[in-house]
Each structure stands twice: as C-alpha cells, then as structure tokens.
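See below for model32.cif, which holds mmCIF, C-alpha atoms.
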data_target
loop_
_atom_site.label_atom_id
_atom_site.label_comp_id
_atom_site.auth_asym_id
_atom_site.auth_seq_id
_atom_site.Cartn_x
_atom_site.Cartn_y
_atom_site.Cartn_z
CA MET P 1 -25.40 46.85 25.30
CA ASP P 2 -26.26 50.55 25.64
CA TRP P 3 -25.28 51.40 22.09
CA ILE P 4 -27.66 48.74 20.74
CA ASN P 5 -30.49 50.09 22.92
CA PHE P 6 -29.71 53.58 21.66
CA LEU P 7 -29.72 52.29 18.09
CA GLU P 8 -33.01 50.44 18.63
CA GLU P 9 -34.76 53.59 19.89
CA HIS P 10 -33.60 55.73 16.97
CA THR P 11 -34.41 52.96 14.46
CA GLU P 12 -37.96 52.62 15.81
CA LEU P 13 -38.39 56.40 15.71
CA LEU P 14 -37.17 56.53 12.12
CA ILE P 15 -39.50 53.69 11.05
CA SER P 16 -42.45 55.38 12.78
CA ASN P 17 -41.67 58.66 10.98
CA LEU P 18 -41.86 56.74 7.70
CA GLY P 19 -45.55 56.09 8.36
CA VAL P 20 -45.33 52.46 9.47
CA SER P 21 -48.03 51.48 11.96
CA GLU P 22 -46.97 50.92 15.55
CA HIS P 23 -47.83 47.21 15.35
CA TRP P 24 -45.34 46.62 12.50
CA VAL P 25 -42.55 48.83 13.81
CA VAL P 26 -41.01 46.07 15.93
CA TYR P 27 -40.95 43.70 12.93
CA PHE P 28 -39.37 46.25 10.62
CA ARG P 29 -36.82 47.03 13.32
CA LEU P 30 -36.00 43.31 13.58
CA LEU P 31 -35.58 43.12 9.81
CA VAL P 32 -33.22 46.11 9.81
CA PHE P 33 -31.15 44.63 12.63
CA ILE P 34 -30.96 41.22 10.93
CA ILE P 35 -29.66 42.93 7.77
CA LEU P 36 -27.18 44.86 9.90
CA LEU P 37 -26.17 41.65 11.66
CA ILE P 38 -25.56 39.93 8.31
CA ILE P 39 -23.42 42.85 7.14
CA LEU P 40 -21.39 42.93 10.37
CA SER P 41 -20.95 39.14 10.33
CA SER P 42 -19.76 39.22 6.73
CA LEU P 43 -17.30 42.01 7.50
CA ALA P 44 -16.05 40.10 10.55
CA PHE P 45 -15.56 36.97 8.41
CA LEU P 46 -13.65 38.90 5.71
CA ILE P 47 -11.47 40.71 8.24
CA ALA P 48 -10.71 37.48 10.10
CA LYS P 49 -9.86 35.65 6.87
CA ARG P 50 -8.01 38.38 4.98
CA VAL P 51 -6.23 39.98 7.93
CA PHE P 52 -6.03 37.82 11.04
CA ILE P 53 -5.61 34.42 9.31
CA TYR P 54 -3.33 35.91 6.67
CA TYR P 55 -0.94 37.39 9.23
CA LEU P 56 -1.15 34.25 11.34
CA TYR P 57 0.20 32.22 8.41
CA LYS P 58 2.95 34.81 7.82
CA VAL P 59 4.00 34.53 11.48
CA LEU P 60 4.06 30.73 11.23
CA LYS P 61 6.19 30.89 8.08
CA LYS P 62 8.68 33.31 9.62
CA SER P 63 9.04 31.47 12.92
CA SER P 64 12.27 29.60 13.68
CA PHE P 65 10.36 26.31 13.91
CA THR P 66 9.81 24.17 10.83
CA TRP P 67 6.98 21.96 12.06
CA ASP P 68 4.49 24.87 12.09
CA ASP P 69 5.08 25.67 8.40
CA LEU P 70 2.82 22.77 7.49
CA PHE P 71 -0.15 24.54 9.10
CA ALA P 72 0.45 27.44 6.74
CA ASP P 73 1.05 25.24 3.69
CA THR P 74 -2.17 23.27 4.22
CA ARG P 75 -4.23 26.33 5.29
CA ALA P 76 -5.32 24.44 8.37
CA PHE P 77 -6.69 27.52 10.14
CA ASN P 78 -8.90 28.82 7.33
CA LYS P 79 -12.03 27.63 9.13
CA LEU P 80 -11.16 29.77 12.15
CA ALA P 81 -12.56 32.73 10.21
CA HIS P 82 -16.06 31.22 10.57
CA ILE P 83 -15.88 31.69 14.34
CA ALA P 84 -15.86 35.52 14.07
CA PRO P 85 -19.40 35.93 12.59
CA ALA P 86 -20.75 33.27 14.96
CA VAL P 87 -19.35 35.16 17.97
CA ILE P 88 -20.94 38.40 16.75
CA VAL P 89 -24.32 36.70 16.32
CA ARG P 90 -23.99 35.12 19.76
CA LEU P 91 -23.24 38.51 21.40
CA MET P 92 -25.83 40.59 19.55
CA ALA P 93 -28.70 38.08 19.43
CA PRO P 94 -30.01 38.73 22.98
CA ALA P 95 -30.41 42.47 22.22
CA ILE P 96 -31.76 42.02 18.68
CA PHE P 97 -34.32 39.36 19.60
CA SER P 98 -35.22 40.86 23.02
CA ASP P 99 -38.82 41.32 21.90
CA PHE P 100 -39.02 37.80 20.47
CA GLU P 101 -38.36 35.56 23.45
CA GLN P 102 -39.69 32.51 21.62
CA ILE P 103 -37.13 32.85 18.81
CA LEU P 104 -34.13 33.94 20.88
CA PRO P 105 -33.35 30.54 22.52
CA PHE P 106 -33.48 28.81 19.15
CA VAL P 107 -31.12 31.37 17.57
CA ILE P 108 -28.67 31.01 20.48
CA ARG P 109 -28.78 27.23 20.23
CA LEU P 110 -28.18 27.31 16.48
CA THR P 111 -25.24 29.66 16.99
CA ASP P 112 -23.75 27.45 19.71
CA ALA P 113 -24.18 24.38 17.49
CA TYR P 114 -22.50 26.25 14.64
CA LEU P 115 -19.56 27.12 16.92
CA ILE P 116 -19.20 23.46 17.89
CA ILE P 117 -19.19 22.38 14.24
CA VAL P 118 -16.62 25.02 13.24
CA SER P 119 -14.40 24.14 16.22
CA MET P 120 -14.49 20.48 15.24
CA ALA P 121 -13.72 21.36 11.60
CA VAL P 122 -10.61 23.26 12.77
CA PHE P 123 -9.61 20.28 14.91
CA PHE P 124 -10.06 17.95 11.92
CA SER P 125 -7.71 20.18 9.89
CA ILE P 126 -5.12 19.97 12.67
CA LEU P 127 -5.57 16.19 12.76
CA LYS P 128 -4.94 16.03 9.01
CA VAL P 129 -1.68 17.94 9.46
CA GLY P 130 -0.71 15.58 12.29
CA GLU P 131 -1.45 12.55 10.09
CA TYR P 132 0.66 13.92 7.24
CA THR P 133 3.55 14.79 9.59
CA LEU P 134 3.60 11.33 11.16
CA SER P 135 3.34 9.59 7.79
CA GLN P 136 6.54 11.36 6.68
CA HIS P 137 8.45 10.14 9.74
CA PRO P 138 10.58 7.02 9.00
CA ALA P 139 9.21 5.20 12.07
CA PHE P 140 5.62 5.46 10.75
CA LYS P 141 6.33 5.29 7.01
CA ASP P 142 4.94 1.76 6.61
CA LYS P 143 2.27 1.86 9.35
CA PRO P 144 -1.50 2.05 8.64
CA LEU P 145 -1.85 5.54 10.15
CA THR P 146 -4.82 6.31 7.92
CA SER P 147 -6.85 3.61 9.68
CA TYR P 148 -6.21 5.04 13.14
CA PHE P 149 -6.90 8.63 12.09
CA GLN P 150 -10.09 7.51 10.38
CA LEU P 151 -11.17 5.90 13.65
CA ILE P 152 -10.43 9.12 15.54
CA ARG P 153 -12.48 11.08 12.98
CA ILE P 154 -15.43 8.69 13.29
CA LEU P 155 -15.38 9.04 17.09
CA LEU P 156 -15.18 12.83 16.78
CA TYR P 157 -18.07 12.84 14.30
CA VAL P 158 -20.16 10.93 16.83
CA VAL P 159 -19.14 13.33 19.62
CA THR P 160 -19.96 16.33 17.40
CA ILE P 161 -23.39 14.97 16.50
CA ILE P 162 -24.18 14.29 20.18
CA LEU P 163 -23.06 17.78 21.26
CA VAL P 164 -24.97 19.51 18.43
CA LEU P 165 -28.16 17.59 19.18
CA SER P 166 -27.67 18.23 22.88
CA VAL P 167 -27.38 21.99 22.31
CA ILE P 168 -30.24 22.28 19.79
CA LEU P 169 -32.71 20.11 21.70
CA GLY P 170 -31.59 21.23 25.15
CA LYS P 171 -30.94 17.68 26.34
CA SER P 172 -28.00 16.29 28.30
CA PRO P 173 -25.37 14.43 26.20
CA ILE P 174 -25.93 11.45 28.48
CA TYR P 175 -29.48 11.23 27.12
CA PHE P 176 -28.18 10.75 23.57
CA LEU P 177 -25.49 8.34 24.72
CA SER P 178 -28.20 6.13 26.24
CA ALA P 179 -30.15 6.41 22.97
CA PHE P 180 -27.05 5.32 21.04
CA GLY P 181 -26.76 2.39 23.44
CA ALA P 182 -30.24 1.28 22.48
CA MET P 183 -29.28 1.55 18.79
CA THR P 184 -26.15 -0.58 19.20
CA ALA P 185 -27.50 -3.41 17.04
CA ILE P 186 -28.31 -0.99 14.20
CA LEU P 187 -24.95 0.73 14.53
CA LEU P 188 -23.15 -2.61 14.42
CA LEU P 189 -25.00 -3.44 11.21
CA VAL P 190 -24.34 -0.05 9.60
CA PHE P 191 -20.69 0.09 10.63
CA LYS P 192 -19.99 -3.63 10.19
CA ASP P 193 -17.27 -3.12 7.57
CA THR P 194 -15.70 -0.31 9.58
CA ILE P 195 -15.58 -2.41 12.77
CA LEU P 196 -14.19 -5.42 10.93
CA GLY P 197 -11.67 -3.15 9.20
CA LEU P 198 -10.62 -1.65 12.52
CA VAL P 199 -10.01 -5.08 14.07
CA ALA P 200 -8.15 -6.19 10.95
CA SER P 201 -6.02 -3.01 10.91
CA VAL P 202 -5.02 -3.49 14.56
CA GLN P 203 -4.11 -7.14 13.95
CA MET P 204 -2.22 -6.32 10.77
CA SER P 205 -0.27 -3.61 12.55
CA SER P 206 0.47 -5.57 15.73
CA ASN P 207 1.54 -8.67 13.77
CA ASP P 208 3.32 -6.59 11.10
CA MET P 209 1.49 -8.51 8.37
CA VAL P 210 1.20 -5.81 5.71
CA ARG P 211 2.86 -2.44 5.31
CA VAL P 212 2.50 0.31 2.75
CA GLY P 213 5.05 -0.48 0.05
CA ASP P 214 4.89 -4.27 0.47
CA TRP P 215 4.58 -6.46 -2.59
CA VAL P 216 1.54 -8.69 -1.94
CA GLU P 217 -0.17 -11.35 -4.00
CA MET P 218 -3.82 -12.30 -3.45
CA PRO P 219 -5.12 -14.44 -6.35
CA LYS P 220 -8.72 -14.35 -5.07
CA PHE P 221 -8.89 -10.65 -6.00
CA ASN P 222 -6.42 -10.84 -8.91
CA ALA P 223 -4.12 -8.59 -6.88
CA ASP P 224 -0.38 -8.75 -7.51
CA GLY P 225 1.59 -5.59 -6.80
CA ASP P 226 2.56 -2.97 -4.24
CA VAL P 227 0.36 -1.82 -1.36
CA ILE P 228 -0.14 1.93 -1.82
CA ASP P 229 -2.70 2.66 0.89
CA ILE P 230 -4.16 1.04 4.01
CA ASN P 231 -7.22 2.48 5.73
CA LEU P 232 -10.06 1.26 7.93
CA ASN P 233 -12.15 -0.23 5.14
CA THR P 234 -9.83 -1.03 2.26
CA VAL P 235 -6.30 -1.87 1.20
CA LYS P 236 -5.30 -0.53 -2.22
CA VAL P 237 -2.86 -2.60 -4.28
CA GLN P 238 -1.30 -1.18 -7.44
CA ASN P 239 -0.78 -4.15 -9.74
CA TRP P 240 2.19 -4.46 -12.08
CA ASP P 241 -0.01 -3.49 -15.02
CA LYS P 242 -0.71 -0.21 -13.12
CA THR P 243 -4.32 -1.12 -12.39
CA ILE P 244 -5.46 -0.70 -8.79
CA THR P 245 -7.24 -3.44 -6.86
CA THR P 246 -9.23 -2.41 -3.77
CA ILE P 247 -9.55 -5.18 -1.17
CA PRO P 248 -11.60 -5.03 2.07
CA THR P 249 -9.10 -4.84 4.94
CA TYR P 250 -10.55 -7.73 6.91
CA TYR P 251 -9.85 -10.17 4.04
CA PHE P 252 -6.17 -9.88 4.91
CA ILE P 253 -7.06 -11.57 8.21
CA THR P 254 -9.60 -14.13 6.99
CA ASP P 255 -7.99 -15.12 3.65
CA SER P 256 -4.49 -16.22 2.72
CA PHE P 257 -2.15 -13.99 0.74
CA LYS P 258 1.54 -13.89 -0.12
CA ASN P 259 3.76 -11.05 1.10
CA TRP P 260 7.09 -10.78 -0.72
CA ARG P 261 8.64 -8.49 1.91
CA GLY P 262 10.80 -11.32 3.28
CA MET P 263 12.34 -11.84 -0.14
CA GLN P 264 13.02 -8.14 -0.56
CA GLN P 265 14.62 -7.87 2.88
CA SER P 266 16.81 -10.94 2.31
CA GLY P 267 18.48 -9.24 -0.63
CA GLY P 268 18.13 -12.31 -2.84
CA ARG P 269 15.39 -13.52 -5.18
CA ARG P 270 14.95 -17.17 -5.96
CA ILE P 271 15.46 -18.80 -9.35
CA LYS P 272 13.63 -22.12 -9.53
CA ARG P 273 13.33 -23.37 -13.06
CA ALA P 274 14.05 -26.63 -14.84
CA ILE P 275 15.63 -27.56 -18.15
CA PHE P 276 14.03 -30.64 -19.70
CA ILE P 277 16.62 -33.09 -21.05
CA ASP P 278 15.77 -35.51 -23.84
CA ALA P 279 16.28 -38.94 -22.26
CA HIS P 280 17.53 -40.36 -25.56
CA SER P 281 20.60 -38.12 -25.40
CA VAL P 282 21.78 -39.41 -22.00
CA LYS P 283 24.80 -41.71 -22.28
CA LEU P 284 28.01 -42.88 -20.64
CA VAL P 285 31.18 -40.85 -21.22
CA ASP P 286 33.79 -42.65 -23.31
CA ALA P 287 37.49 -41.80 -23.55
CA GLU P 288 37.08 -39.50 -26.55
CA MET P 289 34.33 -37.49 -24.91
CA ARG P 290 36.24 -37.39 -21.64
CA GLU P 291 39.16 -35.68 -23.34
CA LYS P 292 36.81 -33.07 -24.76
CA LEU P 293 35.25 -32.44 -21.33
CA LYS P 294 38.65 -31.95 -19.73
CA LYS P 295 39.10 -28.85 -21.88
CA ILE P 296 36.12 -27.13 -20.22
CA GLN P 297 37.72 -25.01 -17.49
CA LEU P 298 34.87 -25.05 -14.95
CA ILE P 299 34.84 -28.86 -14.75
CA SER P 300 38.35 -29.82 -15.89
CA ASN P 301 39.57 -30.70 -12.39
CA TYR P 302 36.30 -32.41 -11.55
CA VAL P 303 36.50 -34.69 -14.60
CA LYS P 304 40.15 -35.60 -13.86
CA ASN P 305 39.60 -36.29 -10.17
CA ARG P 306 36.35 -38.12 -10.72
CA GLN P 307 37.85 -40.30 -13.44
CA LYS P 308 40.83 -41.14 -11.22
CA GLU P 309 38.47 -42.15 -8.41
CA ILE P 310 36.40 -44.31 -10.81
CA GLU P 311 39.47 -46.03 -12.26
CA GLU P 312 40.79 -46.85 -8.79
CA PHE P 313 37.44 -48.36 -7.86
CA ASN P 314 37.24 -50.43 -11.05
CA THR P 315 40.83 -51.65 -10.64
CA GLN P 316 40.28 -52.67 -7.03
CA HIS P 317 37.25 -54.70 -8.03
CA ASN P 318 38.83 -56.22 -11.18
CA ILE P 319 36.12 -54.81 -13.44
CA ASP P 320 36.43 -55.20 -17.20
CA THR P 321 36.11 -51.60 -18.49
CA SER P 322 36.43 -52.52 -22.15
CA VAL P 323 32.64 -52.44 -22.09
CA LEU P 324 31.44 -49.10 -20.74
CA ILE P 325 28.45 -50.53 -18.94
CA ASN P 326 30.72 -52.42 -16.57
CA GLY P 327 31.73 -50.78 -13.34
CA ARG P 328 31.41 -47.12 -12.55
CA GLN P 329 31.45 -44.54 -15.35
CA LEU P 330 30.80 -40.85 -15.86
CA THR P 331 27.57 -39.87 -17.64
CA ASN P 332 27.17 -36.81 -19.81
CA LEU P 333 24.09 -35.85 -17.79
CA GLY P 334 25.99 -36.04 -14.49
CA VAL P 335 28.88 -34.01 -15.88
CA PHE P 336 26.44 -31.43 -17.27
CA ARG P 337 24.78 -31.16 -13.86
CA LYS P 338 28.19 -30.58 -12.27
CA TYR P 339 28.97 -27.96 -14.92
CA ILE P 340 25.76 -26.06 -14.16
CA GLU P 341 26.58 -26.11 -10.45
CA SER P 342 30.12 -24.83 -11.05
CA TYR P 343 28.80 -22.18 -13.43
CA LEU P 344 26.36 -20.88 -10.81
CA LYS P 345 29.04 -20.88 -8.09
CA SER P 346 31.28 -18.76 -10.28
CA HIS P 347 28.51 -16.39 -11.40
CA PRO P 348 29.10 -12.88 -9.96
CA LYS P 349 25.36 -12.12 -9.61
CA ILE P 350 24.35 -15.27 -7.71
CA LYS P 351 24.33 -15.19 -3.89
CA GLN P 352 26.70 -17.84 -2.60
CA ASP P 353 25.54 -17.60 1.03
CA MET P 354 22.03 -18.82 0.15
CA THR P 355 20.82 -22.20 -1.07
CA LEU P 356 22.38 -23.18 -4.38
CA MET P 357 21.82 -26.56 -5.97
CA VAL P 358 21.17 -28.31 -9.26
CA ARG P 359 18.94 -31.34 -8.90
CA GLN P 360 17.45 -33.97 -11.15
CA LEU P 361 13.71 -34.40 -10.70
CA ALA P 362 11.57 -37.40 -11.56
CA SER P 363 11.34 -37.90 -15.30
CA GLU P 364 8.05 -37.20 -17.04
CA ASN P 365 6.59 -37.12 -20.52
CA LYS P 366 8.52 -33.94 -21.31
CA GLY P 367 11.89 -35.50 -20.52
CA ILE P 368 14.20 -35.38 -17.50
CA PRO P 369 13.84 -32.14 -15.51
CA MET P 370 17.16 -30.63 -14.41
CA GLU P 371 16.14 -27.98 -11.90
CA ILE P 372 18.26 -24.92 -11.09
CA TYR P 373 17.66 -23.61 -7.58
CA CYS P 374 19.56 -20.51 -6.48
CA PHE P 375 19.18 -16.84 -5.50
CA THR P 376 20.22 -13.69 -7.33
CA LYS P 377 21.98 -10.83 -5.56
CA THR P 378 19.21 -8.42 -6.50
CA THR P 379 15.48 -8.33 -5.86
CA ALA P 380 14.74 -5.76 -8.57
CA TRP P 381 12.36 -7.38 -11.03
CA VAL P 382 13.92 -6.24 -14.31
CA GLU P 383 17.48 -7.03 -13.22
CA TYR P 384 16.39 -10.38 -11.78
CA GLU P 385 14.72 -11.41 -15.05
CA SER P 386 17.81 -10.35 -16.99
CA ILE P 387 20.12 -12.48 -14.81
CA GLN P 388 17.78 -15.48 -15.03
CA SER P 389 17.52 -15.17 -18.81
CA ASP P 390 21.30 -14.90 -19.21
CA ILE P 391 21.83 -18.06 -17.16
CA PHE P 392 19.38 -20.13 -19.18
CA ASP P 393 20.59 -18.67 -22.48
CA HIS P 394 24.03 -19.97 -21.56
CA LEU P 395 22.82 -23.40 -20.44
CA TYR P 396 20.66 -23.97 -23.52
CA SER P 397 23.58 -23.09 -25.78
CA THR P 398 26.17 -25.23 -23.91
CA ALA P 399 24.14 -28.42 -23.66
CA THR P 400 25.44 -29.59 -27.05
CA PHE P 401 29.03 -29.63 -25.67
CA PHE P 402 27.91 -32.56 -23.52
CA ASP P 403 26.03 -34.27 -26.36
CA ILE P 404 22.82 -33.46 -24.55
CA GLU P 405 19.65 -32.47 -26.35
CA ILE P 406 17.01 -30.21 -24.81
CA PHE P 407 13.54 -31.69 -25.03
CA GLN P 408 10.75 -29.82 -26.76
CA GLU P 409 7.43 -30.81 -28.25
CA PRO P 410 7.73 -31.57 -31.98
CA GLY P 411 6.62 -28.69 -34.16
CA GLY P 412 5.92 -28.11 -37.84
CA LYS P 413 9.60 -28.02 -38.81
CA ASP P 414 10.26 -31.36 -37.08
CA PHE P 415 7.48 -33.03 -39.06
CA SER P 416 8.79 -31.52 -42.30
CA ILE P 417 12.29 -32.85 -41.64
CA ALA P 418 10.95 -36.31 -40.83
CA PHE P 419 8.80 -36.25 -43.99
CA ASP P 420 11.79 -35.25 -46.17
CA ARG P 421 13.94 -38.03 -44.71
CA ASN P 422 11.25 -40.62 -45.44
CA ASN P 423 11.01 -39.43 -49.05
CA VAL P 424 14.77 -39.63 -49.49
CA THR P 425 14.89 -43.20 -48.22
#
Target encoding structure tokens, full file:
Amino acid sequence: MDWINFLEEHTELLISNLGVSEHWVVYFRLLVFIILLIILSSLAFLIAKRVFIYYLYKVLKKSSFTWDDLFADTRAFNKLAHIAPAVIVRLMAPAIFSDFEQILPFVIRLTDAYLIIVSMAVFFSILKVGEYTLSQHPAFKDKPLTSYFQLIRILLYVVTIILVLSVILGKSPIYFLSAFGAMTAILLLVFKDTILGLVASVQMSSNDMVRVGDWVEMPKFNADGDVIDINLNTVKVQNWDKTITTIPTYYFITDSFKNWRGMQQSGGRRIKRAIFIDAHSVKLVDAEMREKLKKIQLISNYVKNRQKEIEEFNTQHNIDTSVLINGRQLTNLGVFRKYIESYLKSHPKIKQDMTLMVRQLASENKGIPMEIYCFTKTTAWVEYESIQSDIFDHLYSTATFFDIEIFQEPGGKDFSIAFDRNNVT
C-alpha cells in the first residue's frame, strides 16, 4: 500500500523532528499507527452497524417476501458489523507491523481467528431464526426441535474451537481431531448427560412418545402437567399448580410415565368412581314399592317388562310368591343400578360410542361399591369435573327414591343421635 508507505515516511520524519532518538522512532511510529488503526476500525464498525446493517434491515422489511422479515425483527445480522474492523486490521497489519516480523504472524492469526468466531456467531443467529421459523410451522409444532438445534450448535462449537486453535497455533485441523480422538473417554464423561439426552430425544421423536403440549404424569419427580419445552438435557413440565418440574430427558426412556395425549385425542375423558351402598338398605321390591318405581320415567318400561318376565317365570314354575323370597324378584339395588345406567345413556354430555356401564364390585367394609364407568364428551378439566360432580350430585340425591342408603363412616352427629335415642328409651 503506497499511501501507507507514504504515511510511514512522513510520520517517522515528524517524530524525528520532535527530538525522539532514532532508536525509538520505529516504536513511536508503531504506536501512532496502532492508535490510527483503532480509530479506523471503530469508524468502520460504526459505519457498518449504523449504515450498512441499518439499510440492510430496511431492505428486508420492504421486500415482497415475508420470511426475511424475521431476520430484521431478531437483528440476526448485527454481528456482521464486527467483520468490518477485522478486515481493516487484516489488510493494514502487514504494512503496520512490517518492521516487527515476530509480531506480525501472531496479529494475523488473531485476526483470522476473530473472523472465524464472528462468522460462526452470525451463523448461530441465522440458526436461531431457522429454529424459530420451524417451531411456528404446524408440522413441527410438537417436535423437539430445540434438541436438534442444540446438537447442531454443539457440533459447530467444536468445529469453531478446532479452527481457531488451528489458525492460532498454525496446526492442521486434523491434528486437533486426532487429539480429540484421544480424549474421547474424557469427552464421553463430560458430555454424558448431553449424549444420553440426544439418544433419548431421537427415540422420543421417532416413537412419538412425548410432544410439547402433552399432559404427562411422572410421580417419581412429582410432575403432573403440560410439557412446555424439550431440549437435549431436560424436559420442562408445568404442573397444574403452575410450578415447573425439570426432568432429565433420558428418564423418559428409562422410567415409566403416563401421557394423557390419547385421552385428549379421543375426545372423551373417563369417569370411574363408585358409590358405596349400605348393605342394610338392600331389599326385595314389593308391590307397593314397584308401583312407586313405575312412576320414574327412565325405568318405567324396564320395571313393567321385567316384572312381567318374572311373573311368567314364577307362574311356569308354580312358585308361591306370597312370600317375597320365593322365586325371582326385583331388588331395589338392581333397579337403582338400571336407573343409573339409563340416566347415563340419556345424559347429553356422556359419550355413547365409548364404554358405558354400571357395575357392582365386591363388597367391603365400606359397603357395596356401585361403580360408574363412562366417558364425558369433553376433555377440558374444569368442564369434566363439573359434569362428574353433577352426575354424582344427582345419584346421591335420588338414592332415597329406591329406599337405598349411601354408606358413610359414622361421625359426631351419628353418635349424638344414637345417644339421644338411648336416653329416650
């Protein structure tokens, strides 16, 4: 560069005229040129950032394409401004450090390493935009994209470190790759969680085990809520109490967990709850009670048809029905079970195309369990709980129409009533 040579000569002449000894002139000249280089580099950075990058974003915003607007919104190209001062240093260094051949190679290597780092930083920004764009696409909405992009970043970090060391130390990248090969055992130990997480993420994705947005339940970690993030190392679950549980990704492969996605996709949520009947209230239906039951619309036809069938059977077999225990008879518990079944079949918020049954379970010390098993038409938690509560409110209040008592453990009021009765007698 002729103009730099011209500037060097006049700078040396000026320094000499100031009375500086000839031995120190070259050092003062170097100092002046370093200051000048810093000023020029700073100006180049400001111009690149305030002018070139600024107008680049304006062009991207005004273009007819929409996908490039994200680069402007996220300021993905801000780091490009760092290339301008590095280029100036790279071009001017040979002339500035011409008298310092020992320092010049080191300065050039540092500048080249800096250019590599800045270039990778720009690429990382572009990767981040790509990750955000893909995550907004419906096809990738529930995929663990973060895990894959984290893996790409880790690989790029390794590549960057190898290239930087290669440039600074003047060694071939293959030399460092062989060194990394020798350190495999250490790397496996350091990146154990990352490697396990990567394998787990691939398996989870390929087997479609967990997606972002799934409701999962993992008692081991007290996790019960929606998956809000999946990355290489962790899966974040926002519990229903709004706390967040962070679980290592590989535990979703090694441990069991419950994913409620199937329930949500089916469109129906199961009700499986029992009413406990006091065994002392179970009895045969006599004529008086039968007439009362016939007035209940949901089971009126059932009671009539069932009674006709029973009477025909008893007549055919010459059974004396003056005593209820003889022959076949209706029971209030059986009629109540049929009523519950008819009630559920007529309920507008119960899915009729999924399993629906009312069954009597083995009796226990709390009474006779009458289990309701059906599915609501909604999977929304609040609405589901409301439907379930309405059903059991109705059943608890209608049990008395069948002379059935609901079992419950005796409480303070029960003991008071029993005590008062004993005093009266």
Considering only C-alpha atoms, can you say which of P:Val323, P:Ile168, P:Val227, P:Phe336 comes closest to P:Pro105?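 Ranking P:Val323, P:Ile168, P:Val227, P:Phe336 by distance to P:Pro105, first place goes to P:Ile168.
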I need the output of the PyMOL selection byres ((chain P and resi 230) around 9) for this file as a list of chain:residue names; which residues are they? P:Lys143, P:Pro144, P:Leu145, P:Thr146, P:Ser147, P:Ser201, P:Val210, P:Arg211, P:Val212, P:Val227, P:Ile228, P:Asp229, P:Asn231, P:Leu232, P:Asn233, P:Thr234, P:Val235, P:Lys236, P:Thr249
Using all atoms listed in the file, which of the listed residues (P:Phe392, P:Phe402, P:Phe77, P:Phe52) sits closest to P:Thr331?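 Under the stated criterion, the closest residue is P:Phe402.
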Between atom CA of P:Gly262 and atom CA of P:Ala380, distance in Å (one decimal):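 Atom-to-atom, atom CA of P:Gly262 to atom CA of P:Ala380, that is 13.7 Å.
One finds atom CA of P:Val335 at 11.6 Å from atom CA of P:Lys304.
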12 Å contact set for P:Thr111, all atoms listed in the file, chain neighbours under 6 positions out, as a list in words: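 Within the cut-off, the hits are His82, Ile83, Ala84, Pro85, Ala86, Val87, Ile88, Val89, Arg90, Leu91, Met92, Ala93, Pro94, Leu104, Pro105, Ile117, Val118, Val164, Val167 and Ile168 of chain P.
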Can you complete the atoms of stretch 35-46 of chain P to N, CA, C and O atoms and list them as a compact mmCIF listing (two decimals), in the frame of the given file?
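Okay, this is what ended up in selection_20.txt:
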# COMPACT_ATOMS: atom_id res chain seq x y z
N ILE P 35 -30.50 42.52 8.91
CA ILE P 35 -29.66 42.93 7.77
C ILE P 35 -28.33 43.49 8.27
O ILE P 35 -27.24 43.17 7.74
N LEU P 36 -28.40 44.30 9.31
CA LEU P 36 -27.18 44.86 9.90
C LEU P 36 -26.29 43.77 10.46
O LEU P 36 -25.06 43.80 10.31
N LEU P 37 -26.93 42.77 11.09
CA LEU P 37 -26.17 41.65 11.66
C LEU P 37 -25.47 40.86 10.55
O LEU P 37 -24.31 40.44 10.71
N ILE P 38 -26.16 40.65 9.45
CA ILE P 38 -25.56 39.93 8.31
C ILE P 38 -24.36 40.70 7.77
O ILE P 38 -23.30 40.12 7.47
N ILE P 39 -24.52 42.02 7.65
CA ILE P 39 -23.42 42.85 7.14
C ILE P 39 -22.22 42.81 8.08
O ILE P 39 -21.07 42.62 7.65
N LEU P 40 -22.47 42.97 9.38
CA LEU P 40 -21.39 42.93 10.37
C LEU P 40 -20.71 41.57 10.40
O LEU P 40 -19.48 41.47 10.51
N SER P 41 -21.51 40.50 10.32
CA SER P 41 -20.95 39.14 10.33
C SER P 41 -20.07 38.90 9.11
O SER P 41 -18.98 38.30 9.20
N SER P 42 -20.55 39.37 7.96
CA SER P 42 -19.76 39.22 6.73
C SER P 42 -18.45 39.98 6.81
O SER P 42 -17.40 39.48 6.40
N LEU P 43 -18.53 41.22 7.33
CA LEU P 43 -17.30 42.01 7.50
C LEU P 43 -16.34 41.32 8.47
O LEU P 43 -15.12 41.29 8.24
N ALA P 44 -16.89 40.80 9.57
CA ALA P 44 -16.05 40.10 10.55
C ALA P 44 -15.38 38.89 9.92
O ALA P 44 -14.19 38.62 10.17
N PHE P 45 -16.13 38.15 9.08
CA PHE P 45 -15.56 36.97 8.41
C PHE P 45 -14.43 37.38 7.46
O PHE P 45 -13.36 36.76 7.45
N LEU P 46 -14.68 38.45 6.66
CA LEU P 46 -13.65 38.90 5.71
C LEU P 46 -12.41 39.41 6.42
O LEU P 46 -11.28 39.13 6.01
